[in-house]
>>> print(open('start-v2.json').read())   # JSON, C-alpha atoms
[["chain", "number", "residue", "atom", "x", "y", "z"],
["A", 42, "MET", "CA", 101.21, 121.95, 37.70],
["A", 43, "ASP", "CA", 99.26, 123.41, 40.59],
["A", 44, "THR", "CA", 101.01, 124.21, 43.86],
["A", 45, "MET", "CA", 100.44, 122.77, 47.31],
["A", 46, "ARG", "CA", 98.61, 125.93, 48.30],
["A", 47, "ASP", "CA", 96.40, 125.69, 45.20],
["A", 48, "ARG", "CA", 95.18, 122.38, 46.62],
["A", 49, "PHE", "CA", 94.56, 123.76, 50.10],
["A", 50, "ALA", "CA", 91.29, 125.66, 49.70],
["A", 51, "PRO", "CA", 89.55, 123.09, 47.44],
["A", 52, "VAL", "CA", 90.50, 120.19, 49.73],
["A", 53, "VAL", "CA", 89.48, 121.93, 52.93],
["A", 54, "SER", "CA", 86.28, 123.23, 51.31],
["A", 55, "ARG", "CA", 85.33, 119.63, 50.55],
["A", 56, "LEU", "CA", 86.13, 118.67, 54.14],
["A", 57, "LEU", "CA", 83.82, 121.45, 55.35],
["A", 58, "ASP", "CA", 81.04, 119.87, 53.28],
["A", 59, "GLU", "CA", 81.84, 116.35, 54.49],
["A", 60, "ASP", "CA", 82.43, 116.91, 58.22],
["A", 61, "PRO", "CA", 80.34, 119.26, 60.38],
["A", 62, "ARG", "CA", 83.21, 119.42, 62.92],
["A", 63, "VAL", "CA", 85.58, 121.16, 60.50],
["A", 64, "ALA", "CA", 85.98, 124.92, 60.71],
["A", 65, "VAL", "CA", 88.39, 127.29, 58.93],
["A", 66, "VAL", "CA", 90.00, 130.32, 60.54],
["A", 67, "LEU", "CA", 91.81, 132.87, 58.35],
["A", 68, "ALA", "CA", 93.67, 136.11, 58.91],
["A", 69, "GLU", "CA", 92.83, 137.79, 55.58],
["A", 70, "ILE", "CA", 95.45, 135.79, 53.64],
["A", 71, "GLY", "CA", 93.78, 133.08, 51.55],
["A", 72, "LYS", "CA", 90.21, 134.27, 52.09],
["A", 73, "ASP", "CA", 89.38, 134.40, 48.37],
["A", 74, "GLY", "CA", 89.82, 130.64, 48.11],
["A", 75, "PHE", "CA", 86.96, 130.13, 50.57],
["A", 76, "THR", "CA", 84.35, 132.47, 49.07],
["A", 77, "GLU", "CA", 81.99, 129.64, 48.10],
["A", 78, "ALA", "CA", 82.70, 127.64, 51.23],
["A", 79, "ARG", "CA", 81.86, 130.67, 53.35],
["A", 80, "ARG", "CA", 78.57, 131.06, 51.51],
["A", 81, "ARG", "CA", 77.69, 127.43, 52.29],
["A", 82, "HIS", "CA", 79.06, 127.43, 55.83],
["A", 83, "PRO", "CA", 79.03, 131.00, 57.17],
["A", 84, "ASP", "CA", 79.32, 129.82, 60.76],
["A", 85, "ARG", "CA", 82.42, 127.68, 60.08],
["A", 86, "VAL", "CA", 84.53, 129.90, 57.79],
["A", 87, "ILE", "CA", 85.84, 132.79, 59.88],
["A", 88, "ASN", "CA", 88.15, 135.62, 58.81],
["A", 89, "VAL", "CA", 89.54, 137.52, 61.80],
["A", 90, "GLY", "CA", 91.38, 140.10, 59.68],
["A", 91, "ILE", "CA", 95.05, 140.90, 60.14],
["A", 92, "ARG", "CA", 95.10, 139.75, 63.75],
["A", 93, "GLU", "CA", 97.38, 136.73, 64.00],
["A", 94, "GLN", "CA", 97.23, 136.34, 67.79],
["A", 95, "LEU", "CA", 93.44, 136.34, 67.56],
["A", 96, "LEU", "CA", 93.71, 133.81, 64.70],
["A", 97, "ILE", "CA", 95.18, 131.23, 67.08],
["A", 98, "GLY", "CA", 92.95, 132.21, 69.98],
["A", 99, "ALA", "CA", 89.82, 131.89, 67.86],
["A", 100, "GLY", "CA", 90.97, 128.51, 66.60],
["A", 101, "ALA", "CA", 91.56, 127.32, 70.15],
["A", 102, "GLY", "CA", 88.14, 128.59, 71.19],
["A", 103, "LEU", "CA", 86.49, 126.63, 68.39],
["A", 104, "ALA", "CA", 88.42, 123.53, 69.46],
["A", 105, "LEU", "CA", 87.14, 123.95, 73.02],
["A", 106, "THR", "CA", 83.59, 123.73, 71.64],
["A", 107, "GLY", "CA", 84.37, 120.41, 69.92],
["A", 108, "LEU", "CA", 85.13, 121.66, 66.42],
["A", 109, "ARG", "CA", 88.24, 120.76, 64.37],
["A", 110, "PRO", "CA", 89.72, 124.13, 63.34],
["A", 111, "VAL", "CA", 91.97, 124.49, 60.31],
["A", 112, "VAL", "CA", 93.99, 127.67, 60.82],
["A", 113, "HIS", "CA", 95.82, 129.25, 57.87],
["A", 114, "THR", "CA", 98.21, 132.06, 57.01],
["A", 115, "PHE", "CA", 101.88, 132.52, 56.08],
["A", 116, "ALA", "CA", 104.28, 130.56, 58.28],
["A", 117, "SER", "CA", 105.86, 133.64, 59.84],
["A", 118, "PHE", "CA", 102.40, 134.88, 60.89],
["A", 119, "LEU", "CA", 101.11, 131.46, 61.94],
["A", 120, "VAL", "CA", 103.96, 130.15, 64.10],
["A", 121, "GLU", "CA", 106.35, 132.99, 64.92],
["A", 122, "ARG", "CA", 104.17, 136.07, 65.47],
["A", 123, "PRO", "CA", 101.50, 134.36, 67.65],
["A", 124, "PHE", "CA", 103.83, 131.84, 69.27],
["A", 125, "GLU", "CA", 102.63, 132.66, 72.80],
["A", 126, "GLN", "CA", 99.07, 131.84, 71.75],
["A", 127, "VAL", "CA", 100.22, 128.59, 70.09],
["A", 128, "LYS", "CA", 101.97, 127.68, 73.34],
["A", 129, "LEU", "CA", 99.14, 128.65, 75.71],
["A", 130, "ASP", "CA", 95.83, 128.68, 73.85],
["A", 131, "LEU", "CA", 96.50, 125.33, 72.18],
["A", 132, "GLY", "CA", 99.27, 123.66, 74.18],
["A", 133, "HIS", "CA", 98.48, 124.73, 77.74],
["A", 134, "GLN", "CA", 94.74, 124.25, 77.25],
["A", 135, "ASP", "CA", 95.48, 120.87, 75.62],
["A", 136, "VAL", "CA", 93.25, 121.37, 72.60],
["A", 137, "GLY", "CA", 94.00, 120.48, 69.02],
["A", 138, "ALA", "CA", 94.04, 122.33, 65.73],
["A", 139, "VAL", "CA", 95.48, 121.99, 62.24],
["A", 140, "LEU", "CA", 97.85, 124.85, 61.47],
["A", 141, "VAL", "CA", 98.46, 125.09, 57.72],
["A", 142, "SER", "CA", 101.14, 127.50, 56.58],
["A", 143, "ALA", "CA", 102.23, 128.96, 53.27],
["A", 144, "ALA", "CA", 105.38, 130.83, 52.16],
["A", 145, "ALA", "CA", 107.71, 128.34, 53.92],
["A", 146, "SER", "CA", 111.32, 129.48, 54.41],
["A", 147, "PHE", "CA", 111.57, 131.91, 51.49],
["A", 148, "ASP", "CA", 108.78, 131.23, 48.99],
["A", 149, "TRP", "CA", 108.14, 134.95, 48.51],
["A", 150, "PRO", "CA", 111.57, 136.58, 48.71],
["A", 151, "ALA", "CA", 110.24, 139.94, 47.53],
["A", 152, "GLY", "CA", 108.17, 140.11, 50.73],
["A", 153, "GLY", "CA", 111.34, 140.38, 52.78],
["A", 154, "PHE", "CA", 112.34, 138.72, 56.02],
["A", 155, "THR", "CA", 108.94, 139.36, 57.64],
["A", 156, "HIS", "CA", 107.49, 136.81, 55.21],
["A", 157, "MET", "CA", 110.18, 134.16, 55.72],
["A", 158, "ALA", "CA", 110.09, 131.47, 58.41],
["A", 159, "PRO", "CA", 113.06, 129.09, 58.27],
["A", 160, "GLY", "CA", 112.78, 128.60, 62.04],
["A", 161, "ASP", "CA", 109.13, 127.52, 62.22],
["A", 162, "VAL", "CA", 109.65, 123.78, 62.75],
["A", 163, "ALA", "CA", 112.48, 124.38, 65.21],
["A", 164, "LEU", "CA", 110.22, 126.72, 67.18],
["A", 165, "LEU", "CA", 107.40, 124.17, 67.34],
["A", 166, "ASP", "CA", 110.01, 121.67, 68.54],
["A", 167, "THR", "CA", 110.12, 123.58, 71.83],
["A", 168, "LEU", "CA", 106.53, 122.48, 72.47],
["A", 169, "ASP", "CA", 105.17, 119.04, 73.31],
["A", 170, "GLY", "CA", 102.93, 116.83, 71.24],
["A", 171, "TRP", "CA", 102.97, 118.38, 67.76],
["A", 172, "THR", "CA", 102.77, 116.36, 64.56],
["A", 173, "VAL", "CA", 104.58, 118.09, 61.69],
["A", 174, "HIS", "CA", 103.94, 117.27, 58.03],
["A", 175, "VAL", "CA", 106.21, 118.66, 55.28],
["A", 176, "PRO", "CA", 104.81, 117.52, 51.92],
["A", 177, "GLY", "CA", 107.03, 117.65, 48.86],
["A", 178, "HIS", "CA", 104.32, 117.59, 46.17],
["A", 179, "PRO", "CA", 100.71, 118.83, 45.83],
["A", 180, "ASP", "CA", 99.36, 115.25, 45.85],
["A", 181, "GLU", "CA", 101.16, 114.61, 49.13],
["A", 182, "ALA", "CA", 99.84, 117.89, 50.51],
["A", 183, "GLU", "CA", 96.27, 116.77, 49.83],
["A", 184, "THR", "CA", 96.86, 113.41, 51.50],
["A", 185, "LEU", "CA", 98.52, 114.94, 54.55],
["A", 186, "LEU", "CA", 95.86, 117.63, 54.91],
["A", 187, "ARG", "CA", 93.22, 114.92, 55.07],
["A", 188, "HIS", "CA", 95.31, 112.97, 57.60],
["A", 189, "ALA", "CA", 95.72, 116.08, 59.71],
["A", 190, "VAL", "CA", 92.04, 116.99, 59.82],
["A", 191, "ALA", "CA", 91.10, 113.38, 60.61],
["A", 192, "ALA", "CA", 93.63, 113.14, 63.44],
["A", 193, "GLY", "CA", 91.12, 113.40, 66.27],
["A", 194, "ASP", "CA", 92.02, 116.37, 68.44],
["A", 195, "ASP", "CA", 95.77, 116.29, 67.78],
["A", 196, "LYS", "CA", 97.90, 119.39, 67.28],
["A", 197, "VAL", "CA", 99.17, 119.24, 63.68],
["A", 198, "TYR", "CA", 101.30, 121.58, 61.58],
["A", 199, "VAL", "CA", 101.19, 121.22, 57.78],
["A", 200, "ARG", "CA", 103.95, 123.19, 56.03],
["A", 201, "LEU", "CA", 103.06, 124.03, 52.44],
["A", 202, "SER", "CA", 105.55, 125.39, 49.90],
["A", 203, "VAL", "CA", 105.68, 126.44, 46.27],
["A", 204, "GLN", "CA", 108.87, 124.39, 46.03],
["A", 205, "SER", "CA", 107.94, 120.91, 44.87],
["A", 206, "ASN", "CA", 109.35, 117.63, 43.64],
["A", 207, "THR", "CA", 108.34, 116.53, 40.15],
["A", 208, "GLN", "CA", 106.60, 113.41, 41.38],
["A", 209, "GLY", "CA", 104.42, 112.63, 44.38],
["A", 210, "HIS", "CA", 104.79, 109.55, 46.56],
["A", 211, "ALA", "CA", 102.31, 107.40, 48.47],
["A", 212, "VAL", "CA", 102.79, 108.95, 51.91],
["A", 213, "ASP", "CA", 100.88, 107.78, 54.97],
["A", 214, "GLY", "CA", 101.40, 110.58, 57.49],
["A", 215, "THR", "CA", 103.73, 108.46, 59.61],
["A", 216, "ARG", "CA", 106.70, 106.70, 57.98],
["A", 217, "PHE", "CA", 109.79, 107.67, 56.04],
["A", 218, "LEU", "CA", 109.98, 106.03, 52.60],
["A", 219, "THR", "CA", 113.07, 104.28, 51.25],
["A", 220, "VAL", "CA", 113.71, 105.76, 47.80],
["A", 221, "ARG", "CA", 117.20, 104.41, 47.15],
["A", 222, "GLU", "CA", 119.37, 101.81, 48.94],
["A", 223, "GLY", "CA", 123.14, 101.90, 49.48],
["A", 224, "ARG", "CA", 125.87, 100.82, 51.87],
["A", 225, "ALA", "CA", 127.95, 103.90, 52.62],
["A", 226, "GLY", "CA", 125.65, 106.33, 54.42],
["A", 227, "VAL", "CA", 122.07, 107.49, 54.86],
["A", 228, "VAL", "CA", 120.65, 110.73, 53.45],
["A", 229, "VAL", "CA", 117.25, 111.86, 54.75],
["A", 230, "ALA", "CA", 115.50, 114.22, 52.32],
["A", 231, "VAL", "CA", 112.64, 116.22, 53.81],
["A", 232, "GLY", "CA", 109.67, 117.25, 51.68],
["A", 233, "PRO", "CA", 110.56, 119.39, 48.65],
["A", 234, "MET", "CA", 114.28, 118.60, 49.00],
["A", 235, "LEU", "CA", 113.94, 115.09, 47.52],
["A", 236, "ASP", "CA", 114.61, 115.89, 43.86],
["A", 237, "ALA", "CA", 117.73, 117.90, 44.70],
["A", 238, "VAL", "CA", 118.96, 115.15, 47.03],
["A", 239, "LEU", "CA", 118.49, 112.47, 44.39],
["A", 240, "ALA", "CA", 120.44, 114.59, 41.91],
["A", 241, "ALA", "CA", 123.14, 115.33, 44.48],
["A", 242, "THR", "CA", 123.60, 111.65, 45.37],
["A", 243, "GLU", "CA", 123.43, 110.24, 41.84],
["A", 244, "GLY", "CA", 126.10, 107.53, 41.57],
["A", 245, "LEU", "CA", 126.77, 107.49, 45.32],
["A", 246, "ASP", "CA", 126.39, 104.29, 47.33],
["A", 247, "VAL", "CA", 123.94, 105.76, 49.84],
["A", 248, "THR", "CA", 120.46, 105.03, 51.11],
["A", 249, "VAL", "CA", 118.00, 107.89, 50.56],
["A", 250, "LEU", "CA", 115.02, 108.14, 52.91],
["A", 251, "TYR", "CA", 112.13, 110.46, 52.10],
["A", 252, "ALA", "CA", 110.47, 112.21, 55.03],
["A", 253, "THR", "CA", 107.17, 114.06, 54.73],
["A", 254, "THR", "CA", 106.20, 113.60, 58.38],
["A", 255, "VAL", "CA", 109.10, 114.76, 60.54],
["A", 256, "ARG", "CA", 107.41, 114.83, 63.94],
["A", 257, "PRO", "CA", 107.15, 112.30, 65.36],
["A", 258, "PHE", "CA", 110.53, 111.44, 63.85],
["A", 259, "ASP", "CA", 110.57, 107.96, 62.28],
["A", 260, "THR", "CA", 113.28, 106.50, 64.49],
["A", 261, "ALA", "CA", 112.60, 102.94, 63.35],
["A", 262, "ALA", "CA", 113.12, 103.76, 59.66],
["A", 263, "LEU", "CA", 116.42, 105.51, 60.33],
["A", 264, "ARG", "CA", 117.70, 102.66, 62.46],
["A", 265, "ARG", "CA", 116.74, 100.09, 59.83],
["A", 266, "ALA", "CA", 118.54, 102.07, 57.14],
["A", 267, "THR", "CA", 121.74, 102.30, 59.20],
["A", 268, "GLU", "CA", 121.88, 98.53, 59.66],
["A", 269, "THR", "CA", 123.06, 98.13, 56.06],
["A", 270, "ALA", "CA", 124.20, 101.64, 55.13],
["A", 271, "GLY", "CA", 126.17, 102.50, 58.26],
["A", 272, "THR", "CA", 125.63, 105.21, 60.83],
["A", 273, "ASP", "CA", 126.81, 108.28, 58.91],
["A", 274, "VAL", "CA", 123.62, 110.33, 58.43],
["A", 275, "VAL", "CA", 122.96, 113.46, 56.39],
["A", 276, "LEU", "CA", 119.73, 115.38, 57.05],
["A", 277, "VAL", "CA", 118.56, 117.72, 54.29],
["A", 278, "GLU", "CA", 115.74, 119.98, 55.47],
["A", 279, "PRO", "CA", 114.00, 122.91, 53.69],
["A", 280, "TYR", "CA", 114.10, 124.96, 56.89],
["A", 281, "LEU", "CA", 116.71, 125.79, 59.55],
["A", 282, "ALA", "CA", 119.79, 123.59, 59.20],
["A", 283, "GLY", "CA", 120.10, 121.09, 62.04],
["A", 284, "THR", "CA", 116.43, 121.21, 63.09],
["A", 285, "SER", "CA", 116.23, 117.40, 63.22],
["A", 286, "THR", "CA", 119.81, 116.69, 64.28],
["A", 287, "THR", "CA", 118.78, 116.04, 67.88],
["A", 288, "ALA", "CA", 116.06, 113.63, 66.74],
["A", 289, "ALA", "CA", 118.57, 111.69, 64.61],
["A", 290, "ASN", "CA", 121.11, 111.65, 67.45],
["A", 291, "ASP", "CA", 118.47, 110.33, 69.84],
["A", 292, "ALA", "CA", 117.48, 107.63, 67.36],
["A", 293, "LEU", "CA", 121.08, 106.37, 67.24],
["A", 294, "ALA", "CA", 122.08, 107.14, 70.83],
["A", 295, "ASP", "CA", 123.24, 103.59, 71.56],
["A", 296, "VAL", "CA", 125.59, 103.30, 68.57],
["A", 297, "PRO", "CA", 128.56, 105.37, 67.36],
["A", 298, "HIS", "CA", 127.32, 107.71, 64.63],
["A", 299, "ARG", "CA", 127.80, 111.03, 62.86],
["A", 300, "VAL", "CA", 125.13, 113.47, 61.69],
["A", 301, "LEU", "CA", 125.44, 116.32, 59.19],
["A", 302, "GLY", "CA", 122.55, 118.79, 59.06],
["A", 303, "LEU", "CA", 121.99, 120.69, 55.82],
["A", 304, "GLY", "CA", 119.31, 123.33, 55.49],
["A", 305, "VAL", "CA", 118.67, 127.05, 55.62],
["A", 306, "GLY", "CA", 121.47, 128.96, 57.33],
["A", 307, "ARG", "CA", 121.01, 131.39, 60.20],
["A", 308, "ARG", "CA", 122.55, 134.34, 58.38],
["A", 309, "GLU", "CA", 119.88, 136.63, 56.96],
["A", 310, "LEU", "CA", 120.17, 137.22, 53.22],
["A", 311, "ARG", "CA", 119.21, 140.86, 52.77],
["A", 312, "ARG", "CA", 119.22, 140.95, 48.97],
["A", 313, "TYR", "CA", 116.07, 138.98, 48.53],
["A", 314, "GLY", "CA", 116.41, 137.84, 44.90],
["A", 315, "THR", "CA", 114.59, 134.72, 43.70],
["A", 316, "ILE", "CA", 113.79, 131.38, 45.30],
["A", 317, "GLU", "CA", 116.51, 129.76, 43.19],
["A", 318, "GLU", "CA", 119.06, 132.31, 44.41],
["A", 319, "HIS", "CA", 118.13, 131.62, 48.02],
["A", 320, "VAL", "CA", 118.41, 127.88, 47.46],
["A", 321, "ALA", "CA", 121.90, 128.33, 46.03],
["A", 322, "ALA", "CA", 122.98, 130.81, 48.70],
["A", 323, "HIS", "CA", 122.05, 128.33, 51.43],
["A", 324, "GLY", "CA", 123.87, 125.49, 49.64],
["A", 325, "LEU", "CA", 120.69, 123.54, 48.96],
["A", 326, "ASP", "CA", 121.21, 123.15, 45.22],
["A", 327, "ALA", "CA", 122.34, 119.72, 43.99],
["A", 328, "ARG", "CA", 125.93, 120.75, 43.21],
["A", 329, "SER", "CA", 126.55, 122.33, 46.61],
["A", 330, "MET", "CA", 124.97, 119.41, 48.45],
["A", 331, "ARG", "CA", 127.09, 116.93, 46.47],
["A", 332, "GLU", "CA", 130.25, 118.70, 47.67],
["A", 333, "ARG", "CA", 129.09, 118.69, 51.30],
["A", 334, "ILE", "CA", 127.97, 115.06, 51.20],
["A", 335, "ASP", "CA", 131.17, 113.91, 49.49],
["A", 336, "GLY", "CA", 133.24, 115.75, 52.07],
["A", 337, "PHE", "CA", 131.28, 114.27, 54.97],
["A", 338, "LEU", "CA", 131.11, 110.66, 53.81],
["A", 339, "GLY", "CA", 134.57, 110.49, 52.24],
["A", 340, "ALA", "CA", 135.99, 108.33, 49.44],
["A", 341, "ARG", "CA", 134.08, 105.16, 50.35],
["A", 342, "VAL", "CA", 130.77, 106.67, 49.23],
["A", 343, "GLY", "CA", 131.43, 106.29, 45.48],
["A", 344, "VAL", "CA", 129.77, 103.35, 43.73]]
>>> encode(input="start-v2.json", output="structure tokens")
Amino acid sequence: MDTMRDRFAPVVSRLLDEDPRVAVVLAEIGKDGFTEARRRHPDRVINVGIREQLLIGAGAGLALTGLRPVVHTFASFLVERPFEQVKLDLGHQDVGAVLVSAAASFDWPAGGFTHMAPGDVALLDTLDGWTVHVPGHPDEAETLLRHAVAAGDDKVYVRLSVQSNTQGHAVDGTRFLTVREGRAGVVVAVGPMLDAVLAATEGLDVTVLYATTVRPFDTAALRRATETAGTDVVLVEPYLAGTSTTAANDALADVPHRVLGLGVGRRELRRYGTIEEHVAAHGLDARSMRERIDGFLGARVGV
């Protein structure tokens, strides 16, 4: 099966052909995927080289001229390294762009901590007005990329990963999906965490919500789920643990509730290993999550 990033260049190349507003800005990474697109649209496929601050600035400049820039590199170089430019060139100037990342939290462990970005969504949370898509399958990535580019002049972040669920779902760029219904708690699985969450909650009397658009947070879906499943909520995110805890707390502010945030821990793992080893070390494998969820929800969760 192809990866989310495998879909990126072909989809955006088609969008370049279809929409004269679309432009692509790269910082060396991913340029080979746009060789043909650059030949067809030399004025709208721009490689700034290894200059990540310029990457964002150039994207913002294109947006100021009325274009819809799609800006791409690894997450750590797209959100963390040029964060001041994201804040000022896009946010302060109030112009939109589609930031599309690769490498996610630890997709390339051999690259070391410079190529890991578990804090990217939390960092964007300090800014106003961002839509954040976290697809869990290549088909969803294609759908959400198209949503993002078509979203007027909005500021959109699309977080691609090599981690993937086995099956894609019909996502709409807005709502959480109800995958399983129960009466003893709600588990929200974000993007590529769905398969592991379904395995971890097998046989448990819980509702499982699937989130591929996490900002804006689907408050209405969470509240509906808690009406029958109760107000104990577990958030399972493929990035920094607790990133969406505040959003869940705000959604349930008027009712007694508890929230457990599972995700990537803050402690740096210096022996980089494999993706699977990182997943296990952060307790995001199905067995570890089952223990945490059982401990949080207690005896009443069993079917």
>>> atom_distance(input="start-v2.json", atom1="atom CA of A:Tyr251", atom2="atom CA of A:Ala288")
15.5 Å
>>> closest_residue(input="start-v2.json", among="A:Val175, A:Leu168, A:Val228, A:Met157", to="A:Val255", atoms="only C-alpha atoms")
A:Val175
>>> residues_around(input="start-v2.json", residues="stretch 138-145 of chain A", least_positions_apart="4", cutoff="8 Å", atoms="all atoms listed in the file", output="NGL selection string")
:A and (46 or 100-101 or 104 or 109-116 or 119 or 131 or 149 or 156-159 or 189-190 or 194-203 or 280)
>>> write_last_selection(input="start-v2.json", atoms="C-alpha atoms", output="PDB file, keeping the file's coordinate frame")
ATOM      1  CA  ARG A  46      98.610 125.930  48.300  1.00  0.00           C
ATOM      2  CA  GLY A 100      90.970 128.510  66.600  1.00  0.00           C
ATOM      3  CA  ALA A 101      91.560 127.320  70.150  1.00  0.00           C
ATOM      4  CA  ALA A 104      88.420 123.530  69.460  1.00  0.00           C
ATOM      5  CA  ARG A 109      88.240 120.760  64.370  1.00  0.00           C
ATOM      6  CA  PRO A 110      89.720 124.130  63.340  1.00  0.00           C
ATOM      7  CA  VAL A 111      91.970 124.490  60.310  1.00  0.00           C
ATOM      8  CA  VAL A 112      93.990 127.670  60.820  1.00  0.00           C
ATOM      9  CA  HIS A 113      95.820 129.250  57.870  1.00  0.00           C
ATOM     10  CA  THR A 114      98.210 132.060  57.010  1.00  0.00           C
ATOM     11  CA  PHE A 115     101.880 132.520  56.080  1.00  0.00           C
ATOM     12  CA  ALA A 116     104.280 130.560  58.280  1.00  0.00           C
ATOM     13  CA  LEU A 119     101.110 131.460  61.940  1.00  0.00           C
ATOM     14  CA  LEU A 131      96.500 125.330  72.180  1.00  0.00           C
ATOM     15  CA  TRP A 149     108.140 134.950  48.510  1.00  0.00           C
ATOM     16  CA  HIS A 156     107.490 136.810  55.210  1.00  0.00           C
ATOM     17  CA  MET A 157     110.180 134.160  55.720  1.00  0.00           C
ATOM     18  CA  ALA A 158     110.090 131.470  58.410  1.00  0.00           C
ATOM     19  CA  PRO A 159     113.060 129.090  58.270  1.00  0.00           C
ATOM     20  CA  ALA A 189      95.720 116.080  59.710  1.00  0.00           C
ATOM     21  CA  VAL A 190      92.040 116.990  59.820  1.00  0.00           C
ATOM     22  CA  ASP A 194      92.020 116.370  68.440  1.00  0.00           C
ATOM     23  CA  ASP A 195      95.770 116.290  67.780  1.00  0.00           C
ATOM     24  CA  LYS A 196      97.900 119.390  67.280  1.00  0.00           C
ATOM     25  CA  VAL A 197      99.170 119.240  63.680  1.00  0.00           C
ATOM     26  CA  TYR A 198     101.300 121.580  61.580  1.00  0.00           C
ATOM     27  CA  VAL A 199     101.190 121.220  57.780  1.00  0.00           C
ATOM     28  CA  ARG A 200     103.950 123.190  56.030  1.00  0.00           C
ATOM     29  CA  LEU A 201     103.060 124.030  52.440  1.00  0.00           C
ATOM     30  CA  SER A 202     105.550 125.390  49.900  1.00  0.00           C
ATOM     31  CA  VAL A 203     105.680 126.440  46.270  1.00  0.00           C
ATOM     32  CA  TYR A 280     114.100 124.960  56.890  1.00  0.00           C
TER      33      TYR A 280
END
>>> residues_near_point(input="start-v2.json", point="(128.3, 104.9, 48.2)", cutoff="12 Å", atoms="all atoms listed in the file", output="ChimeraX atom specification")
/A:221-228,242-249,269-271,273,334-335,337-344
>>> write_last_selection(input="start-v2.json", atoms="C-alpha atoms", output="mmCIF file, keeping the file's coordinate frame")
data_model
loop_
_atom_site.group_PDB
_atom_site.id
_atom_site.type_symbol
_atom_site.label_atom_id
_atom_site.label_comp_id
_atom_site.auth_asym_id
_atom_site.auth_seq_id
_atom_site.Cartn_x
_atom_site.Cartn_y
_atom_site.Cartn_z
ATOM 1 C CA ARG A 221 117.200 104.410 47.150
ATOM 2 C CA GLU A 222 119.370 101.810 48.940
ATOM 3 C CA GLY A 223 123.140 101.900 49.480
ATOM 4 C CA ARG A 224 125.870 100.820 51.870
ATOM 5 C CA ALA A 225 127.950 103.900 52.620
ATOM 6 C CA GLY A 226 125.650 106.330 54.420
ATOM 7 C CA VAL A 227 122.070 107.490 54.860
ATOM 8 C CA VAL A 228 120.650 110.730 53.450
ATOM 9 C CA THR A 242 123.600 111.650 45.370
ATOM 10 C CA GLU A 243 123.430 110.240 41.840
ATOM 11 C CA GLY A 244 126.100 107.530 41.570
ATOM 12 C CA LEU A 245 126.770 107.490 45.320
ATOM 13 C CA ASP A 246 126.390 104.290 47.330
ATOM 14 C CA VAL A 247 123.940 105.760 49.840
ATOM 15 C CA THR A 248 120.460 105.030 51.110
ATOM 16 C CA VAL A 249 118.000 107.890 50.560
ATOM 17 C CA THR A 269 123.060 98.130 56.060
ATOM 18 C CA ALA A 270 124.200 101.640 55.130
ATOM 19 C CA GLY A 271 126.170 102.500 58.260
ATOM 20 C CA ASP A 273 126.810 108.280 58.910
ATOM 21 C CA ILE A 334 127.970 115.060 51.200
ATOM 22 C CA ASP A 335 131.170 113.910 49.490
ATOM 23 C CA PHE A 337 131.280 114.270 54.970
ATOM 24 C CA LEU A 338 131.110 110.660 53.810
ATOM 25 C CA GLY A 339 134.570 110.490 52.240
ATOM 26 C CA ALA A 340 135.990 108.330 49.440
ATOM 27 C CA ARG A 341 134.080 105.160 50.350
ATOM 28 C CA VAL A 342 130.770 106.670 49.230
ATOM 29 C CA GLY A 343 131.430 106.290 45.480
ATOM 30 C CA VAL A 344 129.770 103.350 43.730
#
>>> atom_distance(input="start-v2.json", atom1="atom CA of A:Thr272", atom2="atom CA of A:His298")
4.9 Å
>>> atom_distance(input="start-v2.json", atom1="atom CA of A:Gly304", atom2="atom CA of A:Leu325")
6.7 Å
>>> residues_around(input="start-v2.json", residues="stretch 82-93 of chain A", least_positions_apart="6", cutoff="12 Å", atoms="all atoms listed in the file", output="VMD selection string")
chain A and resid 50 53 to 76 99 to 100 103 to 104 108 to 127
>>> residues_near_point(input="start-v2.json", point="(120.9, 107.3, 69.0)", cutoff="12 Å", atoms="only C-alpha atoms", output="PDB file with C-alpha atoms, in the frame of the given file")
ATOM      1  CA  THR A 260     113.280 106.500  64.490  1.00  0.00           C
ATOM      2  CA  ALA A 261     112.600 102.940  63.350  1.00  0.00           C
ATOM      3  CA  LEU A 263     116.420 105.510  60.330  1.00  0.00           C
ATOM      4  CA  ARG A 264     117.700 102.660  62.460  1.00  0.00           C
ATOM      5  CA  THR A 267     121.740 102.300  59.200  1.00  0.00           C
ATOM      6  CA  THR A 272     125.630 105.210  60.830  1.00  0.00           C
ATOM      7  CA  ASP A 273     126.810 108.280  58.910  1.00  0.00           C
ATOM      8  CA  VAL A 274     123.620 110.330  58.430  1.00  0.00           C
ATOM      9  CA  THR A 286     119.810 116.690  64.280  1.00  0.00           C
ATOM     10  CA  THR A 287     118.780 116.040  67.880  1.00  0.00           C
ATOM     11  CA  ALA A 288     116.060 113.630  66.740  1.00  0.00           C
ATOM     12  CA  ALA A 289     118.570 111.690  64.610  1.00  0.00           C
ATOM     13  CA  ASN A 290     121.110 111.650  67.450  1.00  0.00           C
ATOM     14  CA  ASP A 291     118.470 110.330  69.840  1.00  0.00           C
ATOM     15  CA  ALA A 292     117.480 107.630  67.360  1.00  0.00           C
ATOM     16  CA  LEU A 293     121.080 106.370  67.240  1.00  0.00           C
ATOM     17  CA  ALA A 294     122.080 107.140  70.830  1.00  0.00           C
ATOM     18  CA  ASP A 295     123.240 103.590  71.560  1.00  0.00           C
ATOM     19  CA  VAL A 296     125.590 103.300  68.570  1.00  0.00           C
ATOM     20  CA  PRO A 297     128.560 105.370  67.360  1.00  0.00           C
ATOM     21  CA  HIS A 298     127.320 107.710  64.630  1.00  0.00           C
ATOM     22  CA  ARG A 299     127.800 111.030  62.860  1.00  0.00           C
ATOM     23  CA  VAL A 300     125.130 113.470  61.690  1.00  0.00           C
TER      24      VAL A 300
END
>>> residues_around(input="start-v2.json", residues="A:Ala163", least_positions_apart="5", cutoff="10 Å", atoms="all atoms listed in the file", output="ChimeraX atom specification")
/A:168,280-285
